[in-house]
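Worksheet for the structure shown next.
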2 protein chains.
Amino acid sequence: MNQGTNPAGLPIRVLLADDQAMVRGALAALLNLEPDIEVVAQAGDGRDVVALAVAHRVQVALLDIQMPHVDGLEAAARLRTGFPACKVLMVTTFDRPGYLRAAFDAGASGFLVKDTPSSELAAAVRRVHAGGRVVDPSLAAQSLMGGSNPLTDRECEVLSRAQSGAPIAQIAAALHLSVGTVRNHLSSAIGKTGAANRIEAAHAAHEQGWI
Amino acid sequence: MNQGTNPAGLPIRVLLADDQAMVRGALAALLNLEPDIEVVAQAGDGRDVVALAVAHRVQVALLDIQMPHVDGLEAAARLRTGFPACKVLMVTTFDRPGYLRAAFDAGASGFLVKDTPSSELAAAVRRVHAGGRVVDPSLAAQSLMGGSNPLTDRECEVLSRAQSGAPIAQIAAALHLSVGTVRNHLSSAIGKTGAANRIEAAHAAHEQGWI
DNA sequence: GCTTGCCCATGACAGTTGTCATGGGCAACC
DNA sequence: GGTTGCCCATGACAACTGTCATGGGCAAGC
C-alpha cells in the first residue's frame with residue numbers, strides 16, 4: 001500500500017458533508033490544522049456532493065450518514081458511480097451495526113463513529129486516501145456478532161412507518177395495502193425482533209440500523 | 001456592558017462538555033484558533049463539570065444538552081449553585097422550543113443550536129463572558145409562539161416512558177401505579193397534544209422539548 | 001371555608017392491535 | 001416441475017388501548 005498518489009507537498013483534498021454547520025466548521029478547523037490535509041469543499045446535505053467533489057477534484061469525502069434530503073449512504077453510492085476516484089470516509093453519530101454494512105455496500109472505504117477521539121480523524125483520512133480501509137474497532141466486533149438484517153423489504157417499510165406511532169390503518173393507506181396485511185407484516189417483524197409490539201419492534205430495528 | 005473582567009492579554013478560559021469525542025475535539029480546535037479564547041478543560045458528560053470548572057478557574061462553560069449520566073441542563077444547575085461565577089453557554093443538536101426555557105431556568109446565559117455557523121461560536125463565547133445573553137434568533141421566535149408546557153408532571157413522566165413503546169402495564173409497574181391511572185394520564189396527554197395515541201403524543205411532546 | 005387543580009383509582013365500553021390459520025399469486029432455484 | 005420464500009389477503013379471537021363517568025385525597029389560593 002503506497003502513501004497516496006499526490007506529488008510531494010500537495011495536501012490531500014477533502015470534502016466535508018454534515019448537516020450541522022457548527023460541527024462542520026469545527027471539523028474543518030481541525031483538519032486544516034494538519035499540514036497535509038486541506039478541506040476544499042463543504043456541504044450541508046448530500047445533494048451537491050458529487051458536483052462539488054468533481055469541481056474541487058476531491059480525493060476524500062467525509063460524509064455524515066444523517067443528513068436531510070440525501071443522506072450519506074446515498075451520497076456515497078452516487079459518488080461511486082459519478083466520481084469513483086474519490087474515496088469515502090463515513091462518519092456517524094450512532095453506532096448502529098447495520099450502518100457499517102450499509103456503508104461498505106454503498107462503496108465507503110472507512111467508517112467512524114463520532115465518539116472516536118478527534119485525533120484519529122486525520123489518520124483515518126490519510127489511511128483512506130492511501131487506499132486502505134478504516135473501521136471503528138468496537139463497531140466491527142459488534143457488527144460481526146449481530147448478523148445481518150432478518151427483515152424482509154416489506155417489513156422494513158412497514159416498520160419504519162410504524163416508528164412514529166401512526167395507527168395501522170394509516171400505514172395501510174399510505175402503502176395501498178389492506179389493514180390485515182400490514183398487521184401480518186408487523187406481527188412477523190415483532191416476532192423476529194423479540195419485541196412486545198410494533199413500537200418496540202421499530203425501535204429495535206432502528207437500533208440495529210435495519211430501518 | 002464591559003468587555004469582560006480579564007486583564008488585557010489573558011484569554012477567556014473555556015470548558016467544553018460534549019459526549020461525542022470527535023465533536024468535542026473539533027470544537028476545541030476551532031476555539032483555540034481564537035487568540036483571546038483558550039479551552040482549558042473538556043468533559044464527556046456532566047458529572048465532573050463543576051469540579052473541572054473550579055479546578056481550572058473556568059469562565060465560560062460550553063455544555064451540550066444531550067449527554068449521558070448528567071445532561072447539560074443538570075450540569076448548568078449544578079454550576080449555578082456550585083460555581084456561579086462561571087457563565088453557561090448551552091449548545092444543542094435539536095431545536096426544541098422547550099429546551100430554551102429549560103436552559104434559562106437552569107441558569108444558562110446563552111443558547112445555540114449546532115446548525116449555527118461555526119464562525120458565530122467564538123462571538124457567542126465572548127458575549128456571554130462579557131455578561132451578555134445569547135439566544136438563537138430562529139429559536140427565540142419559535143419559543144415565544146409555542147407557549148409553555150401544558151402537561152402535568154405525571155403526564156410527562158408517563159409519556160416519557162411510553163416513548164419507547166413499552167406496554168401500559170409495564171409503565172404502571174415501573175411507576176407503582178394502577179394500569180387505569182396510567183391510562184387516564186395518557187388519555188389526558190393525548191388530548192392535550194392532539195395525537196391519536198400515546199406514541200404520537202410522546203413524539204409530539206418530545207418535539208416540543210416537554211419531555 | 002370553598003373552589004380549583006392535580007393525583008390516584010375503578011369500572012364499563014368501543015375501538016385497535018397482535019396472533020393464528022388458511023389460501024392464492026409470483027419469482028428464484030434445484 | 002416441485003419446493004421455497006415472499007407478497008397479499010381474509011376472518012376470527014383474545015388482548016390491549018383510549019374514552020368516559022365517577023369518586024376520594026390533598027395542597028394552594030381566594
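Letters for chains follow the order of the C-alpha cells (A, B, ...), residue numbers begin at 1 for each chain, and ligand numbers begin at 1 in the order shown.
Using only C-alpha atoms (C1' of nucleotides), one finds that the residues of chain A close to chain D, at 10 Å or less, are Thr152, Asp153, Arg154, Leu177, Ser178, Val179, Gly180, Thr181, Val182, Asn184 and His185 of chain A.
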Save out the residues we just selected, all heavy atoms, as a tab-separated table (two decimals), in the first residue's frame.
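File produced: again.tsv:
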```tsv
chain	number	residue	atom	x	y	z
A	152	THR	N	-37.73	-8.69	5.97
A	152	THR	CA	-37.96	-8.55	4.54
A	152	THR	C	-38.16	-7.07	4.19
A	152	THR	O	-38.35	-6.24	5.07
A	152	THR	CB	-39.21	-9.34	4.10
A	152	THR	OG1	-40.36	-8.70	4.67
A	152	THR	CG2	-39.16	-10.77	4.59
A	153	ASP	N	-38.11	-6.76	2.91
A	153	ASP	CA	-38.26	-5.37	2.48
A	153	ASP	C	-39.56	-4.77	2.98
A	153	ASP	O	-39.60	-3.65	3.48
A	153	ASP	CB	-38.22	-5.29	0.94
A	153	ASP	CG	-36.84	-5.57	0.40
A	153	ASP	OD1	-35.90	-5.69	1.23
A	153	ASP	OD2	-36.69	-5.67	-0.82
A	154	ARG	N	-40.62	-5.53	2.82
A	154	ARG	CA	-41.92	-5.03	3.23
A	154	ARG	C	-41.97	-4.77	4.72
A	154	ARG	O	-42.53	-3.77	5.17
A	154	ARG	CB	-42.99	-6.06	2.87
A	154	ARG	CG	-43.95	-5.74	1.75
A	154	ARG	CD	-44.15	-4.30	1.48
A	154	ARG	NE	-45.29	-4.11	0.58
A	154	ARG	CZ	-45.52	-3.02	-0.11
A	154	ARG	NH1	-44.70	-2.00	-0.03
A	154	ARG	NH2	-46.58	-2.93	-0.88
A	177	LEU	N	-52.19	-0.93	1.04
A	177	LEU	CA	-52.33	-2.34	1.44
A	177	LEU	C	-53.58	-2.48	2.29
A	177	LEU	O	-54.14	-1.48	2.76
A	177	LEU	CB	-51.12	-2.78	2.26
A	177	LEU	CG	-49.79	-2.89	1.51
A	177	LEU	CD1	-48.68	-3.25	2.47
A	177	LEU	CD2	-49.89	-3.91	0.40
A	178	SER	N	-53.99	-3.71	2.50
A	178	SER	CA	-55.10	-3.92	3.42
A	178	SER	C	-54.57	-3.86	4.85
A	178	SER	O	-53.40	-4.11	5.11
A	178	SER	CB	-55.75	-5.27	3.18
A	178	SER	OG	-55.07	-6.27	3.86
A	179	VAL	N	-55.47	-3.52	5.76
A	179	VAL	CA	-55.09	-3.42	7.16
A	179	VAL	C	-54.55	-4.76	7.67
A	179	VAL	O	-53.56	-4.83	8.41
A	179	VAL	CB	-56.29	-2.98	8.02
A	179	VAL	CG1	-55.93	-2.96	9.49
A	179	VAL	CG2	-56.77	-1.61	7.57
A	180	GLY	N	-55.19	-5.82	7.24
A	180	GLY	CA	-54.77	-7.15	7.70
A	180	GLY	C	-53.36	-7.49	7.26
A	180	GLY	O	-52.58	-8.05	8.03
A	181	THR	N	-53.00	-7.11	6.05
A	181	THR	CA	-51.64	-7.39	5.55
A	181	THR	C	-50.61	-6.66	6.38
A	181	THR	O	-49.58	-7.22	6.76
A	181	THR	CB	-51.53	-6.96	4.08
A	181	THR	OG1	-52.48	-7.72	3.33
A	181	THR	CG2	-50.15	-7.23	3.55
A	182	VAL	N	-50.89	-5.39	6.65
A	182	VAL	CA	-49.95	-4.63	7.47
A	182	VAL	C	-49.80	-5.29	8.83
A	182	VAL	O	-48.69	-5.43	9.35
A	182	VAL	CB	-50.44	-3.17	7.62
A	182	VAL	CG1	-49.56	-2.42	8.62
A	182	VAL	CG2	-50.42	-2.47	6.28
A	184	ASN	N	-50.12	-8.36	9.55
A	184	ASN	CA	-49.31	-9.57	9.41
A	184	ASN	C	-47.82	-9.25	9.32
A	184	ASN	O	-47.01	-9.90	9.98
A	184	ASN	CB	-49.75	-10.35	8.18
A	184	ASN	CG	-51.07	-11.05	8.40
A	184	ASN	OD1	-51.48	-11.27	9.53
A	184	ASN	ND2	-51.76	-11.38	7.31
A	185	HIS	N	-47.48	-8.28	8.51
A	185	HIS	CA	-46.07	-7.89	8.41
A	185	HIS	C	-45.54	-7.45	9.76
A	185	HIS	O	-44.44	-7.83	10.16
A	185	HIS	CB	-45.91	-6.77	7.39
A	185	HIS	CG	-46.03	-7.20	5.96
A	185	HIS	ND1	-45.31	-8.25	5.45
A	185	HIS	CD2	-46.79	-6.75	4.94
A	185	HIS	CE1	-45.62	-8.42	4.17
A	185	HIS	NE2	-46.52	-7.52	3.84
```
Residue hits in chain C, query chain B, radius 10 Å, only C-alpha atoms (C1' of nucleotides), as a PyMOL selection string: chain C and resi 6-11
Per-residue nearest contacts chain B to chain A, cut-off 7 Å, using only C-alpha atoms, as CSV:
```
residue,atom,partner,partner_atom,distance
B:Gln20,CA,A:Asp115,CA,4.6
B:Ala21,CA,A:Asp115,CA,4.8
B:Met22,CA,A:Ser118,CA,4.1
B:Val23,CA,A:Val23,CA,6.4
B:Gly25,CA,A:Ser118,CA,5.1
B:Ala26,CA,A:Ala26,CA,4.8
B:Leu27,CA,A:Ala26,CA,5.1
B:Ala29,CA,A:Leu30,CA,5.5
B:Leu30,CA,A:Ala26,CA,5.3
B:Lys114,CA,A:Met22,CA,5.1
B:Asp115,CA,A:Gln20,CA,4.6
B:Thr116,CA,A:Met22,CA,5.6
B:Pro117,CA,A:Ala21,CA,5.0
B:Ser118,CA,A:Met22,CA,4.1
B:Ser164,CA,A:Glu200,CA,6.2
B:Gly165,CA,A:Ile199,CA,4.8
B:Ala166,CA,A:Glu200,CA,6.9
B:Ile199,CA,A:Gly165,CA,4.8
B:Glu200,CA,A:Gly165,CA,5.1
B:His203,CA,A:Ser164,CA,7.0
```
Once you have the residues from the selection above, write them out as a PDB file, in the first residue's frame, restricted to N, CA and C atoms.
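Listed below is the output, part.pdb:
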```pdb
ATOM      1  N   GLN B  20     -19.724  13.500  22.346  1.00  0.00           N
ATOM      2  CA  GLN B  20     -19.050  12.979  21.161  1.00  0.00           C
ATOM      3  C   GLN B  20     -17.622  13.500  21.112  1.00  0.00           C
ATOM      4  N   ALA B  21     -16.683  12.595  21.327  1.00  0.00           N
ATOM      5  CA  ALA B  21     -15.284  12.985  21.453  1.00  0.00           C
ATOM      6  C   ALA B  21     -14.798  13.746  20.226  1.00  0.00           C
ATOM      7  N   MET B  22     -15.221  13.303  19.057  1.00  0.00           N
ATOM      8  CA  MET B  22     -14.723  13.936  17.843  1.00  0.00           C
ATOM      9  C   MET B  22     -15.212  15.377  17.737  1.00  0.00           C
ATOM     10  N   VAL B  23     -16.489  15.578  18.043  1.00  0.00           N
ATOM     11  CA  VAL B  23     -17.052  16.923  18.000  1.00  0.00           C
ATOM     12  C   VAL B  23     -16.394  17.805  19.046  1.00  0.00           C
ATOM     13  N   GLY B  25     -13.410  17.514  20.319  1.00  0.00           N
ATOM     14  CA  GLY B  25     -12.061  17.862  19.884  1.00  0.00           C
ATOM     15  C   GLY B  25     -12.069  18.901  18.780  1.00  0.00           C
ATOM     16  N   ALA B  26     -13.034  18.776  17.889  1.00  0.00           N
ATOM     17  CA  ALA B  26     -13.095  19.708  16.772  1.00  0.00           C
ATOM     18  C   ALA B  26     -13.474  21.107  17.253  1.00  0.00           C
ATOM     19  N   LEU B  27     -14.423  21.169  18.180  1.00  0.00           N
ATOM     20  CA  LEU B  27     -14.814  22.471  18.713  1.00  0.00           C
ATOM     21  C   LEU B  27     -13.642  23.106  19.461  1.00  0.00           C
ATOM     22  N   ALA B  29     -10.513  22.672  18.801  1.00  0.00           N
ATOM     23  CA  ALA B  29      -9.581  23.175  17.794  1.00  0.00           C
ATOM     24  C   ALA B  29     -10.059  24.503  17.239  1.00  0.00           C
ATOM     25  N   LEU B  30     -11.359  24.560  17.001  1.00  0.00           N
ATOM     26  CA  LEU B  30     -11.950  25.778  16.450  1.00  0.00           C
ATOM     27  C   LEU B  30     -11.756  26.964  17.397  1.00  0.00           C
ATOM     28  N   LYS B 114     -26.685  23.600  16.995  1.00  0.00           N
ATOM     29  CA  LYS B 114     -25.478  23.273  16.248  1.00  0.00           C
ATOM     30  C   LYS B 114     -25.614  23.563  14.751  1.00  0.00           C
ATOM     31  N   ASP B 115     -26.787  24.013  14.337  1.00  0.00           N
ATOM     32  CA  ASP B 115     -26.941  24.454  12.956  1.00  0.00           C
ATOM     33  C   ASP B 115     -26.296  25.814  12.735  1.00  0.00           C
ATOM     34  N   THR B 116     -26.062  26.524  13.830  1.00  0.00           N
ATOM     35  CA  THR B 116     -25.437  27.841  13.736  1.00  0.00           C
ATOM     36  C   THR B 116     -24.064  27.731  13.082  1.00  0.00           C
ATOM     37  N   PRO B 117     -23.714  28.671  12.199  1.00  0.00           N
ATOM     38  CA  PRO B 117     -22.376  28.639  11.607  1.00  0.00           C
ATOM     39  C   PRO B 117     -21.302  28.672  12.683  1.00  0.00           C
ATOM     40  N   SER B 118     -20.239  27.926  12.467  1.00  0.00           N
ATOM     41  CA  SER B 118     -19.201  27.819  13.488  1.00  0.00           C
ATOM     42  C   SER B 118     -18.543  29.163  13.759  1.00  0.00           C
ATOM     43  N   SER B 164     -40.727   4.715  24.225  1.00  0.00           N
ATOM     44  CA  SER B 164     -40.055   3.560  23.621  1.00  0.00           C
ATOM     45  C   SER B 164     -41.027   2.447  23.279  1.00  0.00           C
ATOM     46  N   GLY B 165     -42.317   2.662  23.545  1.00  0.00           N
ATOM     47  CA  GLY B 165     -43.300   1.671  23.148  1.00  0.00           C
ATOM     48  C   GLY B 165     -43.637   0.648  24.219  1.00  0.00           C
ATOM     49  N   ALA B 166     -43.186   0.874  25.417  1.00  0.00           N
ATOM     50  CA  ALA B 166     -43.481  -0.069  26.490  1.00  0.00           C
ATOM     51  C   ALA B 166     -44.991  -0.187  26.699  1.00  0.00           C
ATOM     52  N   ILE B 199     -48.096   6.949  21.538  1.00  0.00           N
ATOM     53  CA  ILE B 199     -46.809   7.064  20.855  1.00  0.00           C
ATOM     54  C   ILE B 199     -46.700   8.413  20.144  1.00  0.00           C
ATOM     55  N   GLU B 200     -47.745   8.769  19.421  1.00  0.00           N
ATOM     56  CA  GLU B 200     -47.726  10.067  18.751  1.00  0.00           C
ATOM     57  C   GLU B 200     -47.647  11.194  19.775  1.00  0.00           C
ATOM     58  N   HIS B 203     -44.128  11.508  20.949  1.00  0.00           N
ATOM     59  CA  HIS B 203     -43.293  12.140  19.927  1.00  0.00           C
ATOM     60  C   HIS B 203     -43.526  13.646  19.907  1.00  0.00           C
TER      61      HIS B 203
END
```
What parts of range 8-150 of chain B does DSSP call alpha helix (DSSP H)? I'd like the answer as a PDB file with C-alpha atoms, in the first residue's frame.
```pdb
ATOM      1  CA  ALA B  21     -15.284  12.985  21.453  1.00  0.00           C
ATOM      2  CA  MET B  22     -14.723  13.936  17.843  1.00  0.00           C
ATOM      3  CA  VAL B  23     -17.052  16.923  18.000  1.00  0.00           C
ATOM      4  CA  ARG B  24     -15.548  17.967  21.300  1.00  0.00           C
ATOM      5  CA  GLY B  25     -12.061  17.862  19.884  1.00  0.00           C
ATOM      6  CA  ALA B  26     -13.095  19.708  16.772  1.00  0.00           C
ATOM      7  CA  LEU B  27     -14.814  22.471  18.713  1.00  0.00           C
ATOM      8  CA  ALA B  28     -11.733  22.785  20.880  1.00  0.00           C
ATOM      9  CA  ALA B  29      -9.581  23.175  17.794  1.00  0.00           C
ATOM     10  CA  LEU B  30     -11.950  25.778  16.450  1.00  0.00           C
ATOM     11  CA  LEU B  31     -11.994  27.843  19.645  1.00  0.00           C
ATOM     12  CA  ASN B  32      -8.274  27.560  20.201  1.00  0.00           C
ATOM     13  CA  VAL B  49     -18.245  19.709  35.138  1.00  0.00           C
ATOM     14  CA  VAL B  50     -18.342  21.578  38.451  1.00  0.00           C
ATOM     15  CA  ALA B  51     -15.111  20.051  39.731  1.00  0.00           C
ATOM     16  CA  LEU B  52     -13.324  20.785  36.468  1.00  0.00           C
ATOM     17  CA  ALA B  53     -14.686  24.307  36.305  1.00  0.00           C
ATOM     18  CA  VAL B  54     -13.445  25.067  39.814  1.00  0.00           C
ATOM     19  CA  ALA B  55     -10.070  23.408  39.297  1.00  0.00           C
ATOM     20  CA  GLY B  72     -26.283  19.756  30.191  1.00  0.00           C
ATOM     21  CA  LEU B  73     -29.339  21.180  31.919  1.00  0.00           C
ATOM     22  CA  GLU B  74     -28.497  19.422  35.165  1.00  0.00           C
ATOM     23  CA  ALA B  75     -24.840  20.388  34.852  1.00  0.00           C
ATOM     24  CA  ALA B  76     -25.842  24.033  34.387  1.00  0.00           C
ATOM     25  CA  ALA B  77     -27.990  23.906  37.501  1.00  0.00           C
ATOM     26  CA  ARG B  78     -25.093  22.434  39.486  1.00  0.00           C
ATOM     27  CA  LEU B  79     -22.746  25.108  38.208  1.00  0.00           C
ATOM     28  CA  ARG B  80     -25.122  27.847  39.273  1.00  0.00           C
ATOM     29  CA  THR B  81     -25.033  26.671  42.875  1.00  0.00           C
ATOM     30  CA  GLY B  82     -21.506  25.239  42.938  1.00  0.00           C
ATOM     31  CA  PRO B  97     -38.599  25.156  21.891  1.00  0.00           C
ATOM     32  CA  GLY B  98     -38.972  23.822  25.438  1.00  0.00           C
ATOM     33  CA  TYR B  99     -35.217  23.428  25.763  1.00  0.00           C
ATOM     34  CA  LEU B 100     -34.704  27.166  25.567  1.00  0.00           C
ATOM     35  CA  ARG B 101     -36.844  27.849  28.594  1.00  0.00           C
ATOM     36  CA  ALA B 102     -35.359  24.879  30.431  1.00  0.00           C
ATOM     37  CA  ALA B 103     -31.844  26.147  29.688  1.00  0.00           C
ATOM     38  CA  PHE B 104     -32.501  29.607  31.075  1.00  0.00           C
ATOM     39  CA  ASP B 105     -34.351  28.139  34.039  1.00  0.00           C
ATOM     40  CA  SER B 119     -17.973  31.353  12.952  1.00  0.00           C
ATOM     41  CA  GLU B 120     -20.525  32.623  15.456  1.00  0.00           C
ATOM     42  CA  LEU B 121     -19.429  30.358  18.259  1.00  0.00           C
ATOM     43  CA  ALA B 122     -16.454  32.443  19.354  1.00  0.00           C
ATOM     44  CA  ALA B 123     -18.557  35.604  19.268  1.00  0.00           C
ATOM     45  CA  ALA B 124     -21.158  33.928  21.475  1.00  0.00           C
ATOM     46  CA  VAL B 125     -18.487  32.899  23.965  1.00  0.00           C
ATOM     47  CA  ARG B 126     -17.214  36.464  24.146  1.00  0.00           C
ATOM     48  CA  ARG B 127     -20.669  37.922  24.589  1.00  0.00           C
ATOM     49  CA  VAL B 128     -21.562  35.510  27.366  1.00  0.00           C
ATOM     50  CA  HIS B 129     -18.253  36.120  29.086  1.00  0.00           C
ATOM     51  CA  PRO B 137     -32.882  34.061  16.906  1.00  0.00           C
ATOM     52  CA  SER B 138     -34.882  31.482  14.966  1.00  0.00           C
ATOM     53  CA  LEU B 139     -35.469  29.511  18.117  1.00  0.00           C
ATOM     54  CA  ALA B 140     -36.462  32.522  20.176  1.00  0.00           C
ATOM     55  CA  ALA B 141     -39.353  33.328  17.875  1.00  0.00           C
ATOM     56  CA  GLN B 142     -40.438  29.710  17.795  1.00  0.00           C
ATOM     57  CA  SER B 143     -40.350  29.565  21.557  1.00  0.00           C
ATOM     58  CA  LEU B 144     -42.495  32.645  22.010  1.00  0.00           C
ATOM     59  CA  MET B 145     -45.043  31.195  19.624  1.00  0.00           C
ATOM     60  CA  GLY B 146     -45.161  27.757  21.158  1.00  0.00           C
TER      61      GLY B 146
END
```
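Counting from CA of Arg161 in chain A, the distance to CA of Phe94 in chain A is 20.2 Å.
You will find CA of Gly209 in chain A at 24.6 Å from CA of Gly132 in chain A.
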May I have all residues of range 84-198 of chain B that DSSP, computed from the backbone, assigns to strand (DSSP E or B), given as a PyMOL selection string? chain B and resi 87-92+110-113+134-135
Between CA of Asp136 in chain B and CA of Pro35 in chain B - distance in Å to one decimal: 24.5 Å
